[in-house]
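K.L.:
For reference, this is final28.cif, and it has mmCIF, C-alpha atoms (C1' of nucleotides).
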```cif
data_structure
#
loop_
_atom_site.label_atom_id
_atom_site.label_comp_id
_atom_site.auth_asym_id
_atom_site.auth_seq_id
_atom_site.Cartn_x
_atom_site.Cartn_y
_atom_site.Cartn_z
CA MET W 207 139.18 78.99 56.28
CA SER W 208 139.68 75.24 56.36
CA ASP W 209 138.02 74.02 53.18
CA GLU W 210 135.70 71.23 54.11
CA HIS W 211 136.97 68.96 51.39
CA LEU W 212 140.16 68.43 53.34
CA LEU W 213 138.41 67.32 56.53
CA LEU W 214 139.35 63.77 57.40
CA ASP W 215 135.75 62.75 57.96
CA ASN W 216 134.79 63.90 54.48
CA GLN W 217 137.19 61.54 52.75
CA LEU W 218 135.63 58.51 51.12
CA CYS W 219 139.07 57.00 51.04
CA PHE W 220 139.71 57.22 54.75
CA ALA W 221 136.53 55.40 55.70
CA LEU W 222 137.41 52.69 53.22
CA TYR W 223 140.98 52.44 54.44
CA ALA W 224 139.93 52.27 58.08
CA CYS W 225 137.20 49.70 57.35
CA THR W 226 139.68 47.42 55.67
CA ARG W 227 142.05 47.49 58.59
CA GLU W 228 139.18 46.94 60.99
CA VAL W 229 137.95 43.91 59.05
CA THR W 230 141.39 42.32 58.81
CA ARG W 231 141.63 42.89 62.53
CA LEU W 232 138.48 40.80 62.94
CA TYR W 233 140.03 38.04 60.86
CA ARG W 234 143.36 38.05 62.64
CA PRO W 235 142.52 35.88 65.66
CA LEU W 236 140.59 33.37 63.50
CA LEU W 237 143.44 33.04 61.01
CA GLU W 238 146.03 32.92 63.74
CA GLU W 239 144.58 29.59 64.80
CA LEU W 240 145.38 28.34 61.30
CA GLY W 241 148.83 29.94 61.29
CA LEU W 242 147.87 32.23 58.42
CA THR W 243 147.93 35.94 57.69
CA TYR W 244 145.09 37.53 55.84
CA PRO W 245 146.78 37.76 52.41
CA GLN W 246 148.00 34.18 52.80
CA TYR W 247 144.41 33.15 53.46
CA LEU W 248 143.33 34.90 50.26
CA ALA W 249 145.95 33.08 48.23
CA LEU W 250 144.79 29.78 49.69
CA LEU W 251 141.17 30.61 48.86
CA VAL W 252 142.16 30.70 45.20
CA LEU W 253 144.11 27.47 45.47
CA TRP W 254 141.32 25.68 47.35
CA GLU W 255 139.06 26.76 44.53
CA GLU W 256 141.29 25.83 41.63
CA GLY W 257 143.64 23.17 42.93
CA GLU W 258 146.69 24.67 41.33
CA ALA W 259 147.64 27.96 39.72
CA THR W 260 150.56 29.84 38.28
CA VAL W 261 151.97 32.83 40.12
CA LYS W 262 150.66 35.00 37.32
CA HIS W 263 147.15 33.66 37.73
CA LEU W 264 147.21 34.21 41.49
CA GLY W 265 148.35 37.75 40.84
CA GLU W 266 145.48 38.35 38.43
CA ARG W 267 142.86 37.08 40.81
CA LEU W 268 144.21 38.87 43.87
CA PHE W 269 145.46 41.98 42.03
CA LEU W 270 148.92 41.50 43.51
CA ASP W 271 152.28 41.44 41.75
CA SER W 272 155.23 39.10 42.06
CA GLY W 273 157.01 41.36 44.52
CA THR W 274 154.23 40.62 46.98
CA LEU W 275 153.40 37.06 46.00
CA THR W 276 156.85 35.51 45.70
CA PRO W 277 157.86 35.92 49.36
CA LEU W 278 154.31 35.16 50.54
CA LEU W 279 154.26 31.90 48.58
CA LYS W 280 157.72 31.00 49.82
CA ARG W 281 156.49 31.33 53.38
CA LEU W 282 153.51 29.09 52.64
CA GLU W 283 155.90 26.66 50.97
CA SER W 284 158.17 26.51 53.99
CA ALA W 285 155.06 26.02 56.14
CA GLY W 286 154.47 22.88 54.07
CA LEU W 287 151.14 24.01 52.61
CA LEU W 288 152.14 24.20 48.94
CA THR W 289 154.89 23.47 46.42
CA ARG W 290 156.45 25.75 43.82
CA GLU W 291 157.70 24.15 40.63
CA ARG W 292 158.73 25.54 37.27
CA SER W 293 156.64 24.46 34.34
CA ARG W 294 158.31 22.07 31.93
CA ALA W 295 156.48 23.53 28.98
CA ASP W 296 157.52 27.11 29.74
CA GLU W 297 160.29 27.53 32.23
CA ARG W 298 159.39 31.12 32.97
CA VAL W 299 156.21 29.89 34.65
CA VAL W 300 156.05 28.70 38.26
CA ILE W 301 153.19 26.39 39.17
CA ILE W 302 151.84 26.48 42.71
CA ARG W 303 150.24 23.29 44.01
CA LEU W 304 148.65 22.49 47.35
CA THR W 305 150.22 19.75 49.44
CA ASP W 306 148.08 17.32 51.41
CA ALA W 307 148.53 19.55 54.44
CA GLY W 308 147.40 22.50 52.37
CA ARG W 309 144.28 20.67 51.25
CA GLU W 310 143.54 19.52 54.79
CA LEU W 311 143.70 23.06 56.06
CA LYS W 312 140.64 23.84 53.97
CA ALA W 313 138.40 21.87 56.34
CA ARG W 314 139.56 23.91 59.30
CA ALA W 315 139.22 27.13 57.33
CA SER W 316 135.68 26.37 56.28
CA GLU W 317 134.39 27.74 59.57
CA VAL W 318 136.11 31.06 59.13
CA PRO W 319 133.52 32.84 56.95
CA HIS W 320 130.65 31.99 59.28
CA LYS W 321 132.61 32.86 62.40
CA LEU W 322 133.54 36.18 60.87
CA MET W 323 129.98 37.00 59.97
CA CYS W 324 128.96 36.36 63.56
CA LYS W 325 131.75 38.54 64.89
CA SER W 326 130.91 41.33 62.48
CA ASN W 327 127.35 41.38 63.78
CA LEU W 328 125.99 41.97 60.28
CA ALA W 329 122.69 40.44 59.22
CA LEU W 330 122.86 38.15 56.23
CA ASP W 331 121.01 40.49 53.88
CA GLU W 332 123.14 43.40 54.94
CA TYR W 333 126.25 41.35 54.44
CA HIS W 334 125.19 40.57 50.89
CA ARG W 335 124.18 44.12 50.16
CA LEU W 336 127.58 45.41 51.25
CA LYS W 337 129.39 42.68 49.38
CA ASN W 338 127.60 43.63 46.17
CA GLU W 339 128.23 47.29 46.83
CA PHE W 340 131.96 46.70 47.21
CA ASN W 341 132.18 44.35 44.28
CA SER W 342 130.51 46.78 41.93
CA LEU W 343 132.76 49.59 43.16
CA LEU W 344 135.74 47.33 42.64
CA GLN W 345 134.68 46.57 39.10
CA ARG W 346 134.24 50.24 38.32
CA LEU W 347 137.66 51.04 39.70
CA HIS W 348 139.28 48.32 37.65
CA ALA W 349 137.44 49.49 34.57
CA LEU W 350 139.11 52.87 35.09
CA GLN W 351 142.51 51.32 34.96
CA ASP W 352 141.72 49.56 31.70
CA GLU W 353 140.82 52.93 30.21
CA ASP W 354 144.19 54.28 31.24
CA ASP W 355 145.89 51.39 29.54
CA THR W 356 144.10 51.97 26.26
CA GLU W 357 144.42 55.76 26.20
CA LYS W 358 148.07 56.08 27.09
CA ALA W 359 148.20 59.62 25.75
CA PRO W 360 151.73 60.78 26.58
CA ARG W 361 150.63 63.73 28.64
CA PRO W 362 152.62 66.93 28.12
CA PRO W 363 155.32 67.66 30.67
CA ARG W 364 154.12 70.08 33.26
CA VAL W 365 157.05 72.44 33.78
CA MET Z 12 132.56 19.74 47.20
CA SER Z 13 134.04 23.21 47.40
CA ASP Z 14 131.79 25.01 49.85
CA GLU Z 15 130.74 28.24 48.31
CA HIS Z 16 131.58 30.23 51.42
CA LEU Z 17 135.25 29.80 50.67
CA LEU Z 18 135.03 31.20 47.14
CA LEU Z 19 137.11 34.32 46.79
CA ASP Z 20 134.32 36.25 45.13
CA ASN Z 21 131.97 35.53 48.00
CA GLN Z 22 134.19 37.26 50.53
CA LEU Z 23 133.02 40.65 51.68
CA CYS Z 24 136.49 41.21 52.97
CA PHE Z 25 138.27 40.67 49.68
CA ALA Z 26 136.21 43.21 47.80
CA LEU Z 27 136.87 45.71 50.56
CA TYR Z 28 140.58 44.93 50.62
CA ALA Z 29 140.92 45.20 46.84
CA CYS Z 30 138.88 48.43 46.73
CA THR Z 31 141.17 50.06 49.25
CA ARG Z 32 144.27 49.21 47.28
CA GLU Z 33 142.62 50.41 44.10
CA VAL Z 34 141.67 53.73 45.66
CA THR Z 35 145.11 54.36 47.11
CA ARG Z 36 146.43 53.58 43.65
CA LEU Z 37 144.27 56.41 42.33
CA TYR Z 38 145.70 58.75 44.94
CA ARG Z 39 149.32 57.79 44.38
CA PRO Z 40 150.14 59.98 41.35
CA LEU Z 41 148.34 62.97 42.87
CA LEU Z 42 150.15 62.67 46.18
CA GLU Z 43 153.45 61.98 44.49
CA GLU Z 44 153.36 65.52 43.16
CA LEU Z 45 153.24 66.66 46.78
CA GLY Z 46 155.94 64.23 47.87
CA LEU Z 47 153.52 62.39 50.15
CA THR Z 48 152.37 58.84 50.67
CA TYR Z 49 148.74 58.13 51.39
CA PRO Z 50 149.07 57.62 55.18
CA GLN Z 51 151.24 60.73 55.37
CA TYR Z 52 148.47 62.64 53.60
CA LEU Z 53 145.98 61.38 56.18
CA ALA Z 54 148.17 62.53 59.06
CA LEU Z 55 148.47 65.96 57.44
CA LEU Z 56 144.69 66.16 56.97
CA VAL Z 57 144.34 65.98 60.75
CA LEU Z 58 147.05 68.57 61.29
CA TRP Z 59 145.63 70.94 58.68
CA GLU Z 60 142.34 70.62 60.51
CA GLU Z 61 143.64 71.07 64.03
CA GLY Z 62 146.88 72.97 63.70
CA GLU Z 63 148.72 70.80 66.18
CA ALA Z 64 148.18 67.45 67.85
CA THR Z 65 149.85 64.93 70.10
CA VAL Z 66 150.96 61.59 68.71
CA LYS Z 67 148.26 59.97 70.81
CA HIS Z 68 145.57 62.16 69.31
CA LEU Z 69 146.74 61.44 65.77
CA GLY Z 70 146.60 57.77 66.61
CA GLU Z 71 143.07 58.05 67.87
CA ARG Z 72 141.83 59.85 64.80
CA LEU Z 73 143.61 57.61 62.31
CA PHE Z 74 143.30 54.38 64.32
CA LEU Z 75 147.06 53.86 64.11
CA ASP Z 76 149.54 53.09 66.87
CA SER Z 77 152.91 54.57 67.68
CA GLY Z 78 154.76 51.83 65.85
CA THR Z 79 153.27 53.16 62.64
CA LEU Z 80 153.11 56.85 63.48
CA THR Z 81 156.54 57.45 64.97
CA PRO Z 82 158.56 56.63 61.85
CA LEU Z 83 155.95 58.23 59.58
CA LEU Z 84 156.10 61.47 61.55
CA LYS Z 85 159.89 61.38 61.60
CA ARG Z 86 159.87 61.22 57.81
CA LEU Z 87 157.52 64.20 57.62
CA GLU Z 88 159.77 66.00 60.09
CA SER Z 89 162.88 65.41 58.01
CA ALA Z 90 160.89 66.60 54.97
CA GLY Z 91 160.50 69.86 56.86
CA LEU Z 92 156.70 69.71 57.08
CA LEU Z 93 156.34 69.45 60.85
CA THR Z 94 158.16 69.56 64.17
CA ARG Z 95 158.11 67.07 67.04
CA GLU Z 96 158.58 68.42 70.53
CA ARG Z 97 158.01 66.98 73.97
CA SER Z 98 155.43 68.73 76.07
CA ARG Z 99 156.77 70.72 79.02
CA ALA Z 100 153.73 69.95 81.11
CA ASP Z 101 153.97 66.19 80.59
CA GLU Z 102 157.22 64.93 79.18
CA ARG Z 103 155.70 61.66 78.01
CA VAL Z 104 153.74 63.61 75.41
CA VAL Z 105 155.12 64.60 72.00
CA ILE Z 106 153.43 67.52 70.30
CA ILE Z 107 153.37 67.62 66.51
CA ARG Z 108 153.21 71.07 64.91
CA LEU Z 109 153.10 72.09 61.26
CA THR Z 110 155.95 74.22 59.96
CA ASP Z 111 155.30 77.04 57.51
CA ALA Z 112 156.13 74.63 54.71
CA GLY Z 113 153.63 72.17 56.12
CA ARG Z 114 150.92 74.81 56.23
CA GLU Z 115 151.74 75.95 52.72
CA LEU Z 116 151.37 72.44 51.40
CA LYS Z 117 147.70 72.60 52.30
CA ALA Z 118 146.99 74.98 49.43
CA ARG Z 119 148.47 72.57 46.93
CA ALA Z 120 146.67 69.64 48.53
CA SER Z 121 143.32 71.36 48.38
CA GLU Z 122 142.89 70.24 44.78
CA VAL Z 123 143.43 66.59 45.60
CA PRO Z 124 139.88 65.66 46.71
CA HIS Z 125 138.28 67.14 43.61
CA LYS Z 126 140.88 65.64 41.27
CA LEU Z 127 140.34 62.27 42.85
CA MET Z 128 136.60 62.44 42.46
CA CYS Z 129 137.07 63.17 38.77
CA LYS Z 130 139.46 60.28 38.36
CA SER Z 131 137.15 57.93 40.21
CA ASN Z 132 134.36 58.75 37.79
CA LEU Z 133 131.79 58.71 40.59
CA ALA Z 134 128.87 61.10 40.57
CA LEU Z 135 128.64 63.40 43.55
CA ASP Z 136 125.57 61.76 45.03
CA GLU Z 137 127.06 58.31 44.60
CA TYR Z 138 130.27 59.50 46.21
CA HIS Z 139 128.34 60.67 49.25
CA ARG Z 140 126.22 57.57 49.42
CA LEU Z 141 129.32 55.38 49.46
CA LYS Z 142 131.05 57.60 51.97
CA ASN Z 143 128.09 57.32 54.33
CA GLU Z 144 127.94 53.59 53.74
CA PHE Z 145 131.59 53.16 54.68
CA ASN Z 146 131.41 55.50 57.61
CA SER Z 147 128.45 53.71 59.14
CA LEU Z 148 130.15 50.35 58.62
CA LEU Z 149 133.29 51.76 60.21
CA GLN Z 150 131.33 52.95 63.21
CA ARG Z 151 129.70 49.57 63.63
CA LEU Z 152 133.05 47.83 63.44
CA HIS Z 153 134.54 50.12 66.04
CA ALA Z 154 131.54 49.62 68.26
CA LEU Z 155 132.31 45.90 68.17
CA GLN Z 156 135.76 46.49 69.50
CA ASP Z 157 134.43 48.51 72.39
CA GLU Z 158 132.21 45.59 73.32
CA ASP Z 159 135.25 43.32 73.35
CA ASP Z 160 137.01 45.71 75.69
CA THR Z 161 134.14 45.71 78.17
CA GLU Z 162 133.38 42.00 78.07
CA LYS Z 163 136.86 40.58 78.32
CA ALA Z 164 135.54 37.15 79.22
CA PRO Z 165 138.68 34.99 79.42
CA ARG Z 166 137.53 32.48 76.83
CA PRO Z 167 138.23 28.85 77.71
CA PRO Z 168 141.30 27.30 76.10
CA ARG Z 169 140.38 25.22 73.08
CA VAL Z 170 142.63 22.18 73.34
"C1'" DT D 180 155.69 59.47 100.80
"C1'" DC D 181 156.95 55.74 98.51
"C1'" DA D 182 155.82 51.66 95.86
"C1'" DA D 183 152.62 50.01 92.34
"C1'" DA D 184 150.01 50.82 88.41
"C1'" DT D 185 149.18 53.38 84.43
"C1'" DT D 186 150.33 56.09 80.43
"C1'" DA D 187 152.96 57.99 76.25
"C1'" DG D 188 155.95 57.14 73.03
"C1'" DA D 189 160.04 54.56 70.98
"C1'" DT D 190 162.06 50.38 69.31
"C1'" DT D 191 162.31 45.88 67.18
"C1'" DG D 192 160.85 42.34 64.21
"C1'" DT D 193 157.69 40.29 60.77
"C1'" DG D 194 154.80 40.58 56.80
"C1'" DC D 195 152.76 42.78 53.33
"C1'" DG D 196 152.24 46.30 48.90
"C1'" DC D 197 154.45 48.17 45.24
"C1'" DA D 198 157.87 50.44 42.16
"C1'" DA D 199 162.02 49.54 39.76
"C1'" DT D 200 165.27 46.56 37.96
"C1'" DC D 201 167.11 42.23 36.47
"C1'" DG D 202 167.83 37.63 34.17
"C1'" DA D 203 166.18 33.93 31.79
"C1'" DA D 204 163.01 32.08 28.61
"C1'" DT D 205 159.86 32.53 24.87
"C1'" DT D 206 157.80 34.62 20.83
"C1'" DA D 207 157.80 37.63 16.87
"C1'" DT D 208 160.02 39.74 12.93
"C1'" DC D 209 162.68 39.90 9.38
"C1'" DG U 59 168.02 31.41 12.06
"C1'" DA U 60 169.83 35.71 14.17
"C1'" DT U 61 167.90 39.64 16.45
"C1'" DA U 62 164.48 42.23 18.79
"C1'" DA U 63 160.60 42.50 21.71
"C1'" DT U 64 157.85 40.48 25.14
"C1'" DT U 65 156.79 37.75 29.18
"C1'" DC U 66 157.44 35.61 33.71
"C1'" DG U 67 159.23 35.51 37.96
"C1'" DA U 68 162.79 37.00 41.38
"C1'" DT U 69 165.14 40.61 43.79
"C1'" DT U 70 165.83 44.99 46.10
"C1'" DG U 71 164.41 48.85 48.58
"C1'" DC U 72 161.07 51.75 50.89
"C1'" DG U 73 156.99 52.61 53.59
"C1'" DC U 74 153.46 51.21 56.08
"C1'" DA U 75 150.63 48.05 59.88
"C1'" DC U 76 150.92 45.86 63.99
"C1'" DA U 77 152.38 42.88 67.92
"C1'" DA U 78 155.55 42.80 71.63
"C1'" DT U 79 158.70 44.87 74.50
"C1'" DC U 80 161.00 48.69 76.66
"C1'" DT U 81 161.89 53.23 78.98
"C1'" DA U 82 160.63 57.17 81.17
"C1'" DA U 83 157.18 59.97 83.24
"C1'" DT U 84 153.04 60.50 85.78
"C1'" DT U 85 149.27 59.16 88.75
"C1'" DT U 86 147.25 56.40 92.37
"C1'" DG U 87 146.80 54.62 96.84
"C1'" DA U 88 147.98 52.47 100.99
#
```
Could I get this structure in the form of structure tokens?
P.N.:
Amino acid sequence: MSDEHLLLDNQLCFALYACTREVTRLYRPLLEELGLTYPQYLALLVLWEEGEATVKHLGERLFLDSGTLTPLLKRLESAGLLTRERSRADERVVIIRLTDAGRELKARASEVPHKLMCKSNLALDEYHRLKNEFNSLLQRLHALQDEDDTEKAPRPPRV
Amino acid sequence: MSDEHLLLDNQLCFALYACTREVTRLYRPLLEELGLTYPQYLALLVLWEEGEATVKHLGERLFLDSGTLTPLLKRLESAGLLTRERSRADERVVIIRLTDAGRELKARASEVPHKLMCKSNLALDEYHRLKNEFNSLLQRLHALQDEDDTEKAPRPPRV
DNA sequence: TCAAATTAGATTGTGCGCAATCGAATTATC
DNA sequence: GATAATTCGATTGCGCACAATCTAATTTGA
């Protein structure tokens, strides 16, 4: 009677969801030593890469909106890792810049990826294979959303 | 100077993390019609499968603890989809049972997996390949945790 | 049998995600 | 150059995740 499509173990989504939580759990102790949460670490990855960025740009790279980023960045600001300043050219824009402490943290964080790979017990080639797998899935999923934006057919009400 | 291991796009974890949010975003409109969030849907999947379950059992299947499950289940209770009752045999245990309304919701939810596969634009074989990929990764990650439990070497303080 | 240890769940507090709404600033249109 | 539309970020509110702590119930063991 129970249709198999509703079995928990048959859900692509559940495996994905559980994997993500399991991986962030692996990161947690490593990032705790740096005083960071996992999304904070991601925001810093972008800043370490680019030096400075607007909130909008961070949102585009991380696929997060201001409701998530604003409080997260404020916490990093009060931890002394970055500054938030409105642009002179366009006062709607807030520019995020690393402080010296923020830049220095990069050296300590540089061990994190390798430590994590060791903990995960994945071989290097497997690690890369999975990374490519996920990245291509991610791209496909984002391509879907772009379609939605362009279509925008006002679907008929369903009453 | 920027070591490539700290580039956002080189993180296995970020692709995984972003994929998960993208997939739950696909689910959201479908589940909204049922009045459910994604984790609530997962809890109901287990109950539709097993009829009833203790909070502990739900936690084991979903890898969630009581701090997450208790309020989630209370919301489903006040939505009239399930009941929470302490076991007579062992009063520490709370048994979760579907109500008639909860059972009836299963029929409406049965379309969700197929609808999602259409939205995701994944071919059936690809869907299964990815599902197996994620499930085997999940198993490996959980195996790691079991190791940690057995080892439990009190690592030396790092000052 | 009675104290200690374990177990199940609840509670509290912090930090995301994300939708919805808002205000201020900028750009476009006429 | 006044008005409308758009853009950027902040705010609010809700629902997870999860660590830490607590209470009550049960099991263990000396």
K.L.:
Would you kindly translate the PyMOL selection byres ((chain Z) within 9 of (chain D)) into the concrete residues it picks from this file, as a VMD selection string?
P.N.:
chain Z and resid 32 66 to 67 77 to 78 81 102 to 105
K.L.:
The PyMOL selection byres ((chain Z) within 8 of (chain W)) on the file shown: which residues, as a PyMOL selection string?
P.N.:
chain Z and resi 13-14+16-19+21-31+33-35+53+56-57+59-60+73-74+121+124+131+138-139+141-142+145-146+148-149+152-153+155
K.L.:
Of the residues U:DG59, U:DA82, U:DT64, U:DC72, which is the one nearest to chain Z, using only C-alpha atoms (C1' of nucleotides)?
P.N.:
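Going through U:DG59, U:DA82, U:DT64, U:DC72 one by one, the smallest distance to chain Z is for U:DA82.
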K.L.:
Rounded to one decimal, what separation in Å do you get between CA of Lys321 in chain W and CA of Leu242 in chain W?
P.N.:
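Going from CA of Lys321 in chain W over to CA of Leu242 in chain W covers 15.8 Å.
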K.L.:
As a tab-separated table (two decimals) with C-alpha atoms, in the coordinates of the input, please: chain Z after a least-squares superposition onto chain W using all C-alpha atoms matched in order.
P.N.:
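Contents of the output file out-v4.tsv:
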```tsv
chain	number	residue	atom	x	y	z
Z	12	MET	CA	139.30	79.02	55.95
Z	13	SER	CA	139.78	75.27	56.11
Z	14	ASP	CA	138.09	74.01	52.97
Z	15	GLU	CA	135.76	71.26	53.93
Z	16	HIS	CA	137.03	68.96	51.20
Z	17	LEU	CA	140.21	68.44	53.16
Z	18	LEU	CA	138.46	67.33	56.35
Z	19	LEU	CA	139.40	63.79	57.24
Z	20	ASP	CA	135.81	62.76	57.79
Z	21	ASN	CA	134.83	63.93	54.33
Z	22	GLN	CA	137.22	61.54	52.62
Z	23	LEU	CA	135.65	58.53	51.00
Z	24	CYS	CA	139.07	57.01	50.93
Z	25	PHE	CA	139.72	57.22	54.64
Z	26	ALA	CA	136.56	55.42	55.62
Z	27	LEU	CA	137.41	52.70	53.13
Z	28	TYR	CA	140.99	52.46	54.35
Z	29	ALA	CA	139.96	52.30	58.01
Z	30	CYS	CA	137.22	49.74	57.30
Z	31	THR	CA	139.70	47.44	55.63
Z	32	ARG	CA	142.07	47.53	58.55
Z	33	GLU	CA	139.20	46.98	60.94
Z	34	VAL	CA	137.98	43.95	59.02
Z	35	THR	CA	141.41	42.36	58.78
Z	36	ARG	CA	141.65	42.94	62.51
Z	37	LEU	CA	138.51	40.85	62.91
Z	38	TYR	CA	140.05	38.09	60.83
Z	39	ARG	CA	143.39	38.08	62.61
Z	40	PRO	CA	142.54	35.91	65.65
Z	41	LEU	CA	140.62	33.43	63.49
Z	42	LEU	CA	143.44	33.07	60.99
Z	43	GLU	CA	146.05	32.95	63.72
Z	44	GLU	CA	144.58	29.63	64.79
Z	45	LEU	CA	145.38	28.38	61.30
Z	46	GLY	CA	148.83	29.95	61.28
Z	47	LEU	CA	147.89	32.25	58.40
Z	48	THR	CA	147.97	35.95	57.67
Z	49	TYR	CA	145.12	37.55	55.81
Z	50	PRO	CA	146.81	37.76	52.37
Z	51	GLN	CA	148.01	34.18	52.79
Z	52	TYR	CA	144.41	33.17	53.45
Z	53	LEU	CA	143.35	34.91	50.24
Z	54	ALA	CA	145.99	33.07	48.21
Z	55	LEU	CA	144.81	29.77	49.69
Z	56	LEU	CA	141.18	30.61	48.86
Z	57	VAL	CA	142.17	30.68	45.19
Z	58	LEU	CA	144.11	27.44	45.48
Z	59	TRP	CA	141.33	25.67	47.36
Z	60	GLU	CA	139.05	26.75	44.55
Z	61	GLU	CA	141.28	25.79	41.66
Z	62	GLY	CA	143.59	23.12	42.97
Z	63	GLU	CA	146.66	24.60	41.35
Z	64	ALA	CA	147.62	27.88	39.73
Z	65	THR	CA	150.56	29.75	38.28
Z	66	VAL	CA	151.98	32.75	40.10
Z	67	LYS	CA	150.68	34.92	37.29
Z	68	HIS	CA	147.16	33.59	37.71
Z	69	LEU	CA	147.23	34.16	41.46
Z	70	GLY	CA	148.36	37.69	40.78
Z	71	GLU	CA	145.51	38.29	38.40
Z	72	ARG	CA	142.89	37.04	40.80
Z	73	LEU	CA	144.26	38.85	43.83
Z	74	PHE	CA	145.51	41.94	41.97
Z	75	LEU	CA	148.98	41.46	43.45
Z	76	ASP	CA	152.35	41.40	41.72
Z	77	SER	CA	155.27	39.05	42.02
Z	78	GLY	CA	157.06	41.29	44.48
Z	79	THR	CA	154.29	40.57	46.95
Z	80	LEU	CA	153.44	37.01	45.95
Z	81	THR	CA	156.88	35.45	45.67
Z	82	PRO	CA	157.89	35.87	49.32
Z	83	LEU	CA	154.34	35.13	50.51
Z	84	LEU	CA	154.27	31.87	48.57
Z	85	LYS	CA	157.74	30.95	49.80
Z	86	ARG	CA	156.50	31.30	53.36
Z	87	LEU	CA	153.52	29.07	52.63
Z	88	GLU	CA	155.90	26.61	50.98
Z	89	SER	CA	158.18	26.46	54.01
Z	90	ALA	CA	155.04	26.00	56.15
Z	91	GLY	CA	154.46	22.87	54.11
Z	92	LEU	CA	151.13	24.00	52.63
Z	93	LEU	CA	152.13	24.16	48.97
Z	94	THR	CA	154.86	23.40	46.45
Z	95	ARG	CA	156.44	25.67	43.84
Z	96	GLU	CA	157.67	24.06	40.66
Z	97	ARG	CA	158.68	25.42	37.29
Z	98	SER	CA	156.58	24.31	34.37
Z	99	ARG	CA	158.25	21.89	31.96
Z	100	ALA	CA	156.41	23.33	29.01
Z	101	ASP	CA	157.45	26.92	29.74
Z	102	GLU	CA	160.25	27.34	32.21
Z	103	ARG	CA	159.36	30.95	32.94
Z	104	VAL	CA	156.20	29.73	34.64
Z	105	VAL	CA	156.04	28.58	38.27
Z	106	ILE	CA	153.17	26.30	39.19
Z	107	ILE	CA	151.83	26.42	42.73
Z	108	ARG	CA	150.23	23.22	44.04
Z	109	LEU	CA	148.64	22.45	47.39
Z	110	THR	CA	150.22	19.71	49.48
Z	111	ASP	CA	148.06	17.29	51.45
Z	112	ALA	CA	148.52	19.54	54.46
Z	113	GLY	CA	147.38	22.50	52.40
Z	114	ARG	CA	144.26	20.67	51.28
Z	115	GLU	CA	143.53	19.53	54.81
Z	116	LEU	CA	143.69	23.08	56.08
Z	117	LYS	CA	140.63	23.85	53.99
Z	118	ALA	CA	138.40	21.89	56.36
Z	119	ARG	CA	139.54	23.95	59.31
Z	120	ALA	CA	139.23	27.16	57.32
Z	121	SER	CA	135.69	26.40	56.27
Z	122	GLU	CA	134.40	27.77	59.56
Z	123	VAL	CA	136.13	31.11	59.12
Z	124	PRO	CA	133.54	32.88	56.93
Z	125	HIS	CA	130.66	32.04	59.25
Z	126	LYS	CA	132.63	32.92	62.38
Z	127	LEU	CA	133.57	36.22	60.86
Z	128	MET	CA	130.01	37.07	59.96
Z	129	CYS	CA	129.01	36.43	63.56
Z	130	LYS	CA	131.80	38.60	64.87
Z	131	SER	CA	130.96	41.38	62.46
Z	132	ASN	CA	127.41	41.45	63.76
Z	133	LEU	CA	126.03	42.03	60.27
Z	134	ALA	CA	122.74	40.50	59.21
Z	135	LEU	CA	122.92	38.19	56.23
Z	136	ASP	CA	121.07	40.51	53.88
Z	137	GLU	CA	123.20	43.46	54.93
Z	138	TYR	CA	126.32	41.38	54.44
Z	139	HIS	CA	125.28	40.61	50.88
Z	140	ARG	CA	124.24	44.15	50.14
Z	141	LEU	CA	127.64	45.44	51.23
Z	142	LYS	CA	129.45	42.71	49.36
Z	143	ASN	CA	127.64	43.64	46.15
Z	144	GLU	CA	128.30	47.31	46.82
Z	145	PHE	CA	132.03	46.71	47.17
Z	146	ASN	CA	132.22	44.35	44.26
Z	147	SER	CA	130.53	46.78	41.90
Z	148	LEU	CA	132.79	49.59	43.10
Z	149	LEU	CA	135.78	47.32	42.60
Z	150	GLN	CA	134.70	46.54	39.07
Z	151	ARG	CA	134.26	50.21	38.27
Z	152	LEU	CA	137.69	51.01	39.64
Z	153	HIS	CA	139.30	48.27	37.60
Z	154	ALA	CA	137.46	49.44	34.52
Z	155	LEU	CA	139.11	52.82	35.02
Z	156	GLN	CA	142.52	51.27	34.90
Z	157	ASP	CA	141.75	49.53	31.65
Z	158	GLU	CA	140.83	52.88	30.16
Z	159	ASP	CA	144.19	54.26	31.24
Z	160	ASP	CA	145.93	51.38	29.53
Z	161	THR	CA	144.16	52.01	26.23
Z	162	GLU	CA	144.42	55.79	26.23
Z	163	LYS	CA	148.03	56.22	27.22
Z	164	ALA	CA	148.05	59.83	26.07
Z	165	PRO	CA	151.53	61.07	27.03
Z	166	ARG	CA	150.30	63.92	29.19
Z	167	PRO	CA	152.19	67.19	28.75
Z	168	PRO	CA	154.84	67.95	31.36
Z	169	ARG	CA	153.55	70.35	33.98
Z	170	VAL	CA	156.48	72.67	34.62
```
K.L.:
Can you turn the PyMOL selection byres ((chain U) within 9 of (chain W)) into a concrete residue list for this file, as a ChimeraX atom specification?
P.N.:
/U:65-69,75
K.L.:
For the residues in that selection, give me C-alpha atoms (C1' of nucleotides) as a compact mmCIF listing (two decimals), in the coordinates of the input.
P.N.:
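The resulting file, again.txt, is reproduced below:
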```txt
# COMPACT_ATOMS: atom_id res chain seq x y z
C1' DT U 65 156.79 37.75 29.18
C1' DC U 66 157.44 35.61 33.71
C1' DG U 67 159.23 35.51 37.96
C1' DA U 68 162.79 37.00 41.38
C1' DT U 69 165.14 40.61 43.79
C1' DA U 75 150.63 48.05 59.88
```
K.L.:
Figure out the distance between CA of Arg114 in chain Z and CA of Leu84 in chain Z, please, to one decimal in Å.
P.N.:
15.3 Å
